[in-house]
Amino acid sequence: MSARSGSLEPTLNREFELDQQGRIFAEYIWIGGNGRDLRCKTKVLDKMPKSVDDLPIWNYDGSSTGQAPGHDSEVLIKPVAMYKDPFRGGNNILVLTATYTPNDDGSMRPLTVVEDLASVNGVSGNNTRDAAAAIFADPKVAEQELWYGIEQEYTLFEADKVTPLGWPKNGYPAPQGPYYCSAGTENAFGRDIAEAHMRACVYAGINISGINAEVMAGQWEYQVGPCEGIAAGDQLIVSRYIMYRVCEKYNVVVSFEPKPMKGDWNGAGCHTNFSTKDFRDKDLQFSYTPVDGPFKGKEQKGAFGKMIEALEKMGQVAKEHIQLYGADNHLRLTGKHETADMDSWSYGVANRGASIRIPRQTFHQGYGYLEDRRPASNMDPYVVTSKLAKTILL
Ligand code: ADP
Ligand code: MN
Ligand code: MN
Ligand code: MN
Ligand code: MN
């Protein structure tokens, strides 16, 4: 007989099986002070909210996230979207919120962080969602039902934060080539994380549309979309949050930085595929003759004409947009590694070295969508999606 008596069943983790007495665990999520950090805390509710409007406004200590001074530290968080919680399961929810600063009269205004932490290339701890939502609510934008499909690339690191999965310590793996869409122990590193994340997203209600291993060892991609309007930004933020949470379980560190490894290694982007109702309309009556680009001086009809018109509008503000497409994007947009140079503007059919790629199928059928290849993996999706909408439609 062992010295231990009674049940030999492990008691570890049994509390996770306990009945939760009808309570709802609501995980409130918000964007922290550097715009990349996603923060969260749990609120226990007495009943399941019918919609996001039933959820209470809450607050947190903004002086601990770099978003408010200590003497006036409260940041208010207002629920804007809710999803099933894939980690707790059951009757529990993830609650995406937007951040506000309280006014003296009891009202509130969208959070803008103190000057020295202000926006870096569109990435900030500010509430960028309200301005984006206003653009999507404009009738000229709303009636065009903008769809976005965002390809989120990311890099998985060991807990040391310097060694990508699959890389030797203090060294390099074999050159790029075998890793993209790979299978096999020697080439695919971290598949369980990509897979667990996809399944968690589907459970949550995120419109994830696929995953693949990327060109650099330890780098992966998932796509979210098509999602309409502000939902694209909401779902991308929550998908990143889910990735952080999945990685906790594997003691792996995820990076959304656009050039995590210097040298001859692909960076990480957030290609943003988009379409208006007109782009998708195969019967659209429209004609446009571009003044520049690969179709210069040649009349373009229907939905394709609409796309070329949109591209000419985007070209006018390309310099302004690129400044908002993610921090450290200049390290990635070098003209190498399937990118266009940061300072250039171009579009082309099936061209992965252009700023914008017109998918071959879109070109052939004459309707479809465009791919903006410039946004960095750490871009703010509210900024990028709303800038595109504004440029094309307002
Ligand atoms: P790539 O060929 O560049 O790797 P992906 O297949 O990774 O492209 O991603 C394409 C994304 O575009 C997907 O998220 C898909 O859902 C989205 N998409 C497809 N059709 C449309 C459309 N009409 N408008 C916007 N996004 C779309
Ligand atoms: Mn406290
Ligand atoms: Mn892709
Ligand atoms: Mn990719
Ligand atoms: Mn792409």
# chains A, B, ... in the order shown; residues from 1 in each chain; ligands from 1
$ residues_near_ligand --ligand "ligand 3" --cutoff "12 Å" --atoms "only C-alpha atoms and all ligand atoms" --output "tab-separated table (two decimals) with N, CA and C atoms, in the first residue's frame"
chain	number	residue	atom	x	y	z
A	149	GLY	N	-11.22	40.78	-47.10
A	149	GLY	CA	-10.62	39.50	-46.72
A	149	GLY	C	-9.17	39.79	-46.38
A	150	ILE	N	-8.82	39.64	-45.11
A	150	ILE	CA	-7.48	40.06	-44.66
A	150	ILE	C	-6.61	38.84	-44.38
A	151	GLU	N	-5.42	38.83	-45.00
A	151	GLU	CA	-4.48	37.72	-44.84
A	151	GLU	C	-3.47	38.08	-43.75
A	152	GLN	N	-3.72	37.57	-42.57
A	152	GLN	CA	-2.85	37.90	-41.43
A	152	GLN	C	-1.67	36.94	-41.38
A	153	GLU	N	-0.46	37.48	-41.62
A	153	GLU	CA	0.75	36.67	-41.45
A	153	GLU	C	1.32	36.92	-40.06
A	154	TYR	N	1.98	35.90	-39.52
A	154	TYR	CA	2.54	36.01	-38.17
A	154	TYR	C	3.71	35.06	-38.03
A	180	TYR	N	7.03	27.20	-47.43
A	180	TYR	CA	5.72	27.70	-47.87
A	180	TYR	C	4.76	26.54	-48.13
A	181	CYS	N	3.62	26.56	-47.47
A	181	CYS	CA	2.60	25.52	-47.63
A	181	CYS	C	3.18	24.11	-47.47
A	209	SER	N	-11.09	32.10	-43.10
A	209	SER	CA	-11.34	31.43	-44.38
A	209	SER	C	-10.22	30.51	-44.80
A	210	GLY	N	-9.13	30.41	-44.02
A	210	GLY	CA	-8.09	29.45	-44.36
A	210	GLY	C	-6.81	29.69	-43.58
A	211	ILE	N	-5.89	28.72	-43.64
A	211	ILE	CA	-4.57	28.86	-43.04
A	211	ILE	C	-3.53	28.26	-43.98
A	212	ASN	N	-2.29	28.75	-43.90
A	212	ASN	CA	-1.19	28.10	-44.61
A	212	ASN	C	0.14	28.45	-43.98
A	213	ALA	N	1.10	27.52	-44.11
A	213	ALA	CA	2.47	27.82	-43.69
A	213	ALA	C	3.06	28.83	-44.67
A	214	GLU	N	3.90	29.73	-44.18
A	214	GLU	CA	4.45	30.79	-45.03
A	214	GLU	C	5.89	30.53	-45.47
A	215	VAL	N	6.45	31.51	-46.17
A	215	VAL	CA	7.74	31.35	-46.86
A	215	VAL	C	8.91	31.21	-45.89
A	220	TRP	N	3.45	31.74	-40.47
A	220	TRP	CA	2.18	31.20	-40.92
A	220	TRP	C	1.24	32.33	-41.34
A	221	GLU	N	0.14	31.94	-41.92
A	221	GLU	CA	-0.89	32.91	-42.30
A	221	GLU	C	-2.27	32.32	-42.03
A	222	TYR	N	-3.18	33.19	-41.66
A	222	TYR	CA	-4.60	32.84	-41.72
A	222	TYR	C	-5.32	33.99	-42.39
A	223	GLN	N	-6.48	33.71	-42.94
A	223	GLN	CA	-7.28	34.75	-43.58
A	223	GLN	C	-8.61	34.91	-42.84
A	224	VAL	N	-9.01	36.15	-42.64
A	224	VAL	CA	-10.32	36.46	-42.07
A	224	VAL	C	-11.14	37.19	-43.13
A	225	GLY	N	-12.29	36.63	-43.47
A	225	GLY	CA	-13.15	37.29	-44.43
A	225	GLY	C	-13.74	36.33	-45.43
A	268	ALA	N	6.39	39.88	-42.89
A	268	ALA	CA	5.02	39.46	-42.65
A	268	ALA	C	4.07	40.61	-42.97
A	269	GLY	N	3.06	40.31	-43.76
A	269	GLY	CA	2.12	41.34	-44.19
A	269	GLY	C	0.71	41.05	-43.74
A	270	CYS	N	-0.17	41.92	-44.17
A	270	CYS	CA	-1.61	41.76	-43.94
A	270	CYS	C	-2.30	42.17	-45.24
A	271	HIS	N	-2.06	41.39	-46.31
A	271	HIS	CA	-2.71	41.70	-47.58
A	271	HIS	C	-4.20	41.91	-47.34
A	272	THR	N	-4.71	43.02	-47.89
A	272	THR	CA	-6.11	43.36	-47.64
A	272	THR	C	-6.88	43.29	-48.96
A	273	ASN	N	-7.67	42.23	-49.10
A	273	ASN	CA	-8.50	42.03	-50.30
A	273	ASN	C	-9.81	42.76	-50.08
A	352	ARG	N	2.77	39.87	-58.01
A	352	ARG	CA	3.04	39.88	-56.57
A	352	ARG	C	4.14	40.87	-56.20
A	359	PRO	N	-6.31	39.96	-59.01
A	359	PRO	CA	-6.25	38.50	-59.17
A	359	PRO	C	-6.60	38.11	-60.61
A	371	GLU	N	-6.47	43.16	-54.40
A	371	GLU	CA	-5.63	42.84	-53.24
A	371	GLU	C	-4.63	43.96	-53.00
A	372	ASP	N	-4.76	44.66	-51.87
A	372	ASP	CA	-3.76	45.65	-51.47
A	372	ASP	C	-2.68	44.91	-50.69
A	373	ARG	N	-1.49	44.83	-51.29
A	373	ARG	CA	-0.41	44.02	-50.71
A	373	ARG	C	0.48	44.81	-49.74
$ residues_around --residues "stretch 37-52 of chain A" --least-positions-apart "5" --cutoff "6 Å" --atoms "only C-alpha atoms" --output "list in words"
Arg23, Ile24, Phe25, Ala26, Glu27, Tyr28, Ile29, Trp30, Ile31, Gly32 and Ala81 of chain A
$ write_last_selection --atoms "N, CA and C atoms" --output "mmCIF file, in the first residue's frame"
data_model
loop_
_atom_site.group_PDB
_atom_site.id
_atom_site.type_symbol
_atom_site.label_atom_id
_atom_site.label_comp_id
_atom_site.auth_asym_id
_atom_site.auth_seq_id
_atom_site.Cartn_x
_atom_site.Cartn_y
_atom_site.Cartn_z
ATOM 1 N N ARG A 23 -23.775 31.363 -14.062
ATOM 2 C CA ARG A 23 -23.039 32.602 -14.311
ATOM 3 C C ARG A 23 -22.396 32.573 -15.710
ATOM 4 N N ILE A 24 -22.156 33.768 -16.228
ATOM 5 C CA ILE A 24 -21.526 33.925 -17.546
ATOM 6 C C ILE A 24 -20.191 34.609 -17.337
ATOM 7 N N PHE A 25 -19.129 34.028 -17.872
ATOM 8 C CA PHE A 25 -17.829 34.701 -17.817
ATOM 9 C C PHE A 25 -17.648 35.492 -19.117
ATOM 10 N N ALA A 26 -17.563 36.800 -18.975
ATOM 11 C CA ALA A 26 -17.415 37.674 -20.144
ATOM 12 C C ALA A 26 -16.001 38.237 -20.145
ATOM 13 N N GLU A 27 -15.220 37.875 -21.159
ATOM 14 C CA GLU A 27 -13.839 38.354 -21.252
ATOM 15 C C GLU A 27 -13.830 39.633 -22.082
ATOM 16 N N TYR A 28 -13.681 40.772 -21.411
ATOM 17 C CA TYR A 28 -13.636 42.065 -22.095
ATOM 18 C C TYR A 28 -12.236 42.268 -22.685
ATOM 19 N N ILE A 29 -12.185 42.640 -23.952
ATOM 20 C CA ILE A 29 -10.910 42.789 -24.677
ATOM 21 C C ILE A 29 -10.803 44.216 -25.190
ATOM 22 N N TRP A 30 -9.587 44.804 -25.085
ATOM 23 C CA TRP A 30 -9.385 46.115 -25.686
ATOM 24 C C TRP A 30 -7.958 46.241 -26.203
ATOM 25 N N ILE A 31 -7.737 47.253 -27.026
ATOM 26 C CA ILE A 31 -6.407 47.508 -27.594
ATOM 27 C C ILE A 31 -5.639 48.396 -26.627
ATOM 28 N N GLY A 32 -4.435 47.971 -26.232
ATOM 29 C CA GLY A 32 -3.637 48.693 -25.246
ATOM 30 C C GLY A 32 -2.801 49.807 -25.862
ATOM 31 N N ALA A 81 -18.793 44.276 -29.867
ATOM 32 C CA ALA A 81 -19.097 43.009 -30.538
ATOM 33 C C ALA A 81 -18.858 41.873 -29.552
#
$ closest_residue --among "A:Met342, A:Ile77, A:Ala310, A:Ala303" --to "A:Lys390" --atoms "only C-alpha atoms"
A:Ala310
$ closest_residue --among "A:His330, A:Lys277, A:Lys313, A:Lys298" --to "ligand 1" --atoms "only C-alpha atoms and all ligand atoms"
A:Lys277
$ residues_around --residues "A:Lys319" --least-positions-apart "4" --cutoff "9 Å" --atoms "only C-alpha atoms" --output "JSON list (two decimals) with N, CA and C atoms, in the first residue's frame"
[["chain", "number", "residue", "atom", "x", "y", "z"],
["A", 315, "GLY", "N", -4.12, 55.63, -56.24],
["A", 315, "GLY", "CA", -2.80, 56.09, -56.65],
["A", 315, "GLY", "C", -2.53, 57.53, -56.24],
["A", 323, "GLN", "N", 1.84, 55.63, -45.19],
["A", 323, "GLN", "CA", 2.25, 56.11, -43.86],
["A", 323, "GLN", "C", 1.36, 55.54, -42.76],
["A", 342, "MET", "N", 8.50, 50.57, -50.86],
["A", 342, "MET", "CA", 7.69, 51.47, -50.03],
["A", 342, "MET", "C", 7.29, 52.77, -50.76],
["A", 343, "ASP", "N", 8.19, 53.30, -51.59],
["A", 343, "ASP", "CA", 7.96, 54.60, -52.22],
["A", 343, "ASP", "C", 7.28, 54.50, -53.59],
["A", 344, "SER", "N", 7.00, 53.29, -54.03],
["A", 344, "SER", "CA", 6.43, 53.16, -55.38],
["A", 344, "SER", "C", 4.93, 52.92, -55.31],
["A", 345, "TRP", "N", 4.29, 53.11, -56.44],
["A", 345, "TRP", "CA", 2.87, 52.79, -56.58],
["A", 345, "TRP", "C", 2.68, 52.06, -57.90]]
$ closest_residue --among "A:Phe157, A:Phe304, A:Phe189, A:Phe363" --to "A:Asp278" --atoms "only C-alpha atoms"
A:Phe304
$ select_by_dssp --residues "stretch 190-304 of chain A" --states "alpha helix (DSSP H)" --output "ChimeraX atom specification"
/A:191-204,230-250,302-304
$ residues_near_ligand --ligand "ligand 2" --cutoff "12 Å" --atoms "only C-alpha atoms and all ligand atoms" --output "CSV table (one decimal) with C-alpha atoms, in the first residue's frame"
chain,number,residue,atom,x,y,z
A,41,LYS,CA,-10.2,41.1,-18.0
A,59,ASN,CA,-13.3,50.6,-17.1
A,60,TYR,CA,-9.7,49.9,-16.5
A,61,ASP,CA,-6.5,51.6,-15.3
A,64,SER,CA,-1.0,50.8,-16.5
A,74,GLU,CA,-9.8,55.7,-15.9
$ residues_around --residues "A:Lys78" --least-positions-apart "4" --cutoff "7 Å" --atoms "only C-alpha atoms" --output "PDB file with N, CA and C atoms, in the first residue's frame"
ATOM      1  N   ILE A  57     -21.002  48.994 -19.824  1.00  0.00           N
ATOM      2  CA  ILE A  57     -19.724  49.690 -20.009  1.00  0.00           C
ATOM      3  C   ILE A  57     -18.882  49.401 -18.776  1.00  0.00           C
ATOM      4  N   TRP A  58     -17.567  49.232 -18.950  1.00  0.00           N
ATOM      5  CA  TRP A  58     -16.681  48.932 -17.829  1.00  0.00           C
ATOM      6  C   TRP A  58     -15.500  49.905 -17.900  1.00  0.00           C
ATOM      7  N   THR A  97     -14.272  45.504 -27.071  1.00  0.00           N
ATOM      8  CA  THR A  97     -14.714  46.832 -26.634  1.00  0.00           C
ATOM      9  C   THR A  97     -13.940  47.919 -27.369  1.00  0.00           C
ATOM     10  N   ALA A  98     -14.478  49.140 -27.317  1.00  0.00           N
ATOM     11  CA  ALA A  98     -13.768  50.328 -27.789  1.00  0.00           C
ATOM     12  C   ALA A  98     -13.510  51.223 -26.575  1.00  0.00           C
ATOM     13  N   THR A  99     -12.420  51.997 -26.654  1.00  0.00           N
ATOM     14  CA  THR A  99     -11.935  52.758 -25.494  1.00  0.00           C
ATOM     15  C   THR A  99     -12.356  54.232 -25.553  1.00  0.00           C
TER      16      THR A  99
END
$ residues_around --residues "A:Leu331" --least-positions-apart "2" --cutoff "8 Å" --atoms "only C-alpha atoms" --output "number ranges by chain"
A: 258-259, 328-329, 333-334
$ write_last_selection --atoms "N, CA and C atoms" --output "PDB file, in the first residue's frame"
ATOM      1  N   PRO A 258       6.346  43.204 -38.839  1.00  0.00           N
ATOM      2  CA  PRO A 258       6.462  42.960 -40.283  1.00  0.00           C
ATOM      3  C   PRO A 258       7.820  42.441 -40.760  1.00  0.00           C
ATOM      4  N   LYS A 259       8.865  42.623 -39.967  1.00  0.00           N
ATOM      5  CA  LYS A 259      10.165  42.079 -40.399  1.00  0.00           C
ATOM      6  C   LYS A 259      10.865  41.498 -39.171  1.00  0.00           C
ATOM      7  N   ASP A 328       7.079  50.059 -38.877  1.00  0.00           N
ATOM      8  CA  ASP A 328       8.259  49.334 -39.394  1.00  0.00           C
ATOM      9  C   ASP A 328       8.013  48.650 -40.732  1.00  0.00           C
ATOM     10  N   ASN A 329       7.007  49.133 -41.457  1.00  0.00           N
ATOM     11  CA  ASN A 329       6.682  48.534 -42.756  1.00  0.00           C
ATOM     12  C   ASN A 329       7.807  48.769 -43.769  1.00  0.00           C
ATOM     13  N   LEU A 333       8.780  46.449 -46.945  1.00  0.00           N
ATOM     14  CA  LEU A 333       8.480  46.847 -48.328  1.00  0.00           C
ATOM     15  C   LEU A 333       9.746  47.359 -49.020  1.00  0.00           C
ATOM     16  N   THR A 334      10.579  46.421 -49.437  1.00  0.00           N
ATOM     17  CA  THR A 334      11.881  46.773 -49.996  1.00  0.00           C
ATOM     18  C   THR A 334      11.930  46.572 -51.497  1.00  0.00           C
TER      19      THR A 334
END
$ residues_around --residues "A:Trp265" --least-positions-apart "4" --cutoff "9 Å" --atoms "only C-alpha atoms" --output "mmCIF file with N, CA and C atoms, in the first residue's frame"
data_model
loop_
_atom_site.group_PDB
_atom_site.id
_atom_site.type_symbol
_atom_site.label_atom_id
_atom_site.label_comp_id
_atom_site.auth_asym_id
_atom_site.auth_seq_id
_atom_site.Cartn_x
_atom_site.Cartn_y
_atom_site.Cartn_z
ATOM 1 N N PRO A 175 17.912 27.798 -46.400
ATOM 2 C CA PRO A 175 17.272 28.940 -47.065
ATOM 3 C C PRO A 175 15.803 28.677 -47.397
ATOM 4 N N GLN A 176 15.081 29.784 -47.611
ATOM 5 C CA GLN A 176 13.659 29.705 -47.934
ATOM 6 C C GLN A 176 13.440 28.886 -49.205
ATOM 7 N N VAL A 215 6.451 31.508 -46.167
ATOM 8 C CA VAL A 215 7.735 31.345 -46.858
ATOM 9 C C VAL A 215 8.913 31.213 -45.888
ATOM 10 N N MET A 216 8.859 31.965 -44.779
ATOM 11 C CA MET A 216 9.927 31.855 -43.782
ATOM 12 C C MET A 216 9.595 30.739 -42.797
ATOM 13 N N ALA A 217 10.588 29.973 -42.395
ATOM 14 C CA ALA A 217 10.355 28.912 -41.411
ATOM 15 C C ALA A 217 9.814 29.506 -40.117
ATOM 16 N N LYS A 259 8.865 42.623 -39.967
ATOM 17 C CA LYS A 259 10.165 42.079 -40.399
ATOM 18 C C LYS A 259 10.865 41.498 -39.171
ATOM 19 N N PRO A 260 10.358 40.382 -38.682
ATOM 20 C CA PRO A 260 10.890 39.859 -37.420
ATOM 21 C C PRO A 260 12.341 39.375 -37.535
ATOM 22 N N MET A 261 12.757 38.879 -38.707
ATOM 23 C CA MET A 261 14.127 38.406 -38.876
ATOM 24 C C MET A 261 14.794 39.202 -39.992
ATOM 25 N N HIS A 337 11.383 39.993 -51.873
ATOM 26 C CA HIS A 337 10.515 39.112 -51.080
ATOM 27 C C HIS A 337 9.020 39.353 -51.365
#
$ decode --residues "stretch 150-165 of chain A" --atoms "N, CA and C atoms" --output "mmCIF file, in the first residue's frame"
data_model
loop_
_atom_site.group_PDB
_atom_site.id
_atom_site.type_symbol
_atom_site.label_atom_id
_atom_site.label_comp_id
_atom_site.auth_asym_id
_atom_site.auth_seq_id
_atom_site.Cartn_x
_atom_site.Cartn_y
_atom_site.Cartn_z
ATOM 1 N N ILE A 150 -8.815 39.641 -45.106
ATOM 2 C CA ILE A 150 -7.480 40.059 -44.660
ATOM 3 C C ILE A 150 -6.611 38.838 -44.384
ATOM 4 N N GLU A 151 -5.418 38.826 -45.002
ATOM 5 C CA GLU A 151 -4.476 37.721 -44.840
ATOM 6 C C GLU A 151 -3.474 38.079 -43.750
ATOM 7 N N GLN A 152 -3.716 37.569 -42.568
ATOM 8 C CA GLN A 152 -2.853 37.902 -41.426
ATOM 9 C C GLN A 152 -1.666 36.944 -41.375
ATOM 10 N N GLU A 153 -0.461 37.478 -41.623
ATOM 11 C CA GLU A 153 0.745 36.671 -41.450
ATOM 12 C C GLU A 153 1.323 36.921 -40.056
ATOM 13 N N TYR A 154 1.976 35.898 -39.521
ATOM 14 C CA TYR A 154 2.544 36.009 -38.171
ATOM 15 C C TYR A 154 3.714 35.055 -38.031
ATOM 16 N N THR A 155 4.535 35.290 -37.024
ATOM 17 C CA THR A 155 5.723 34.463 -36.811
ATOM 18 C C THR A 155 5.688 33.903 -35.399
ATOM 19 N N LEU A 156 5.967 32.616 -35.288
ATOM 20 C CA LEU A 156 5.969 31.951 -33.987
ATOM 21 C C LEU A 156 7.397 31.826 -33.461
ATOM 22 N N PHE A 157 7.584 32.232 -32.220
ATOM 23 C CA PHE A 157 8.895 32.170 -31.570
ATOM 24 C C PHE A 157 8.851 31.250 -30.360
ATOM 25 N N GLU A 158 10.017 30.667 -30.068
ATOM 26 C CA GLU A 158 10.149 29.974 -28.795
ATOM 27 C C GLU A 158 9.990 30.992 -27.666
ATOM 28 N N ALA A 159 9.850 30.496 -26.439
ATOM 29 C CA ALA A 159 9.598 31.384 -25.304
ATOM 30 C C ALA A 159 10.737 32.387 -25.102
ATOM 31 N N ASP A 160 11.918 32.112 -25.686
ATOM 32 C CA ASP A 160 13.043 33.070 -25.569
ATOM 33 C C ASP A 160 12.819 34.340 -26.391
ATOM 34 N N LYS A 161 11.799 34.352 -27.228
ATOM 35 C CA LYS A 161 11.397 35.496 -28.060
ATOM 36 C C LYS A 161 12.389 35.846 -29.166
ATOM 37 N N VAL A 162 13.471 35.082 -29.318
ATOM 38 C CA VAL A 162 14.438 35.375 -30.384
ATOM 39 C C VAL A 162 14.598 34.243 -31.388
ATOM 40 N N THR A 163 14.154 33.048 -31.046
ATOM 41 C CA THR A 163 14.324 31.908 -31.947
ATOM 42 C C THR A 163 12.974 31.524 -32.562
ATOM 43 N N PRO A 164 12.801 31.796 -33.875
ATOM 44 C CA PRO A 164 11.545 31.355 -34.500
ATOM 45 C C PRO A 164 11.432 29.830 -34.429
ATOM 46 N N LEU A 165 10.231 29.320 -34.362
ATOM 47 C CA LEU A 165 10.048 27.872 -34.339
ATOM 48 C C LEU A 165 10.730 27.257 -35.565
#
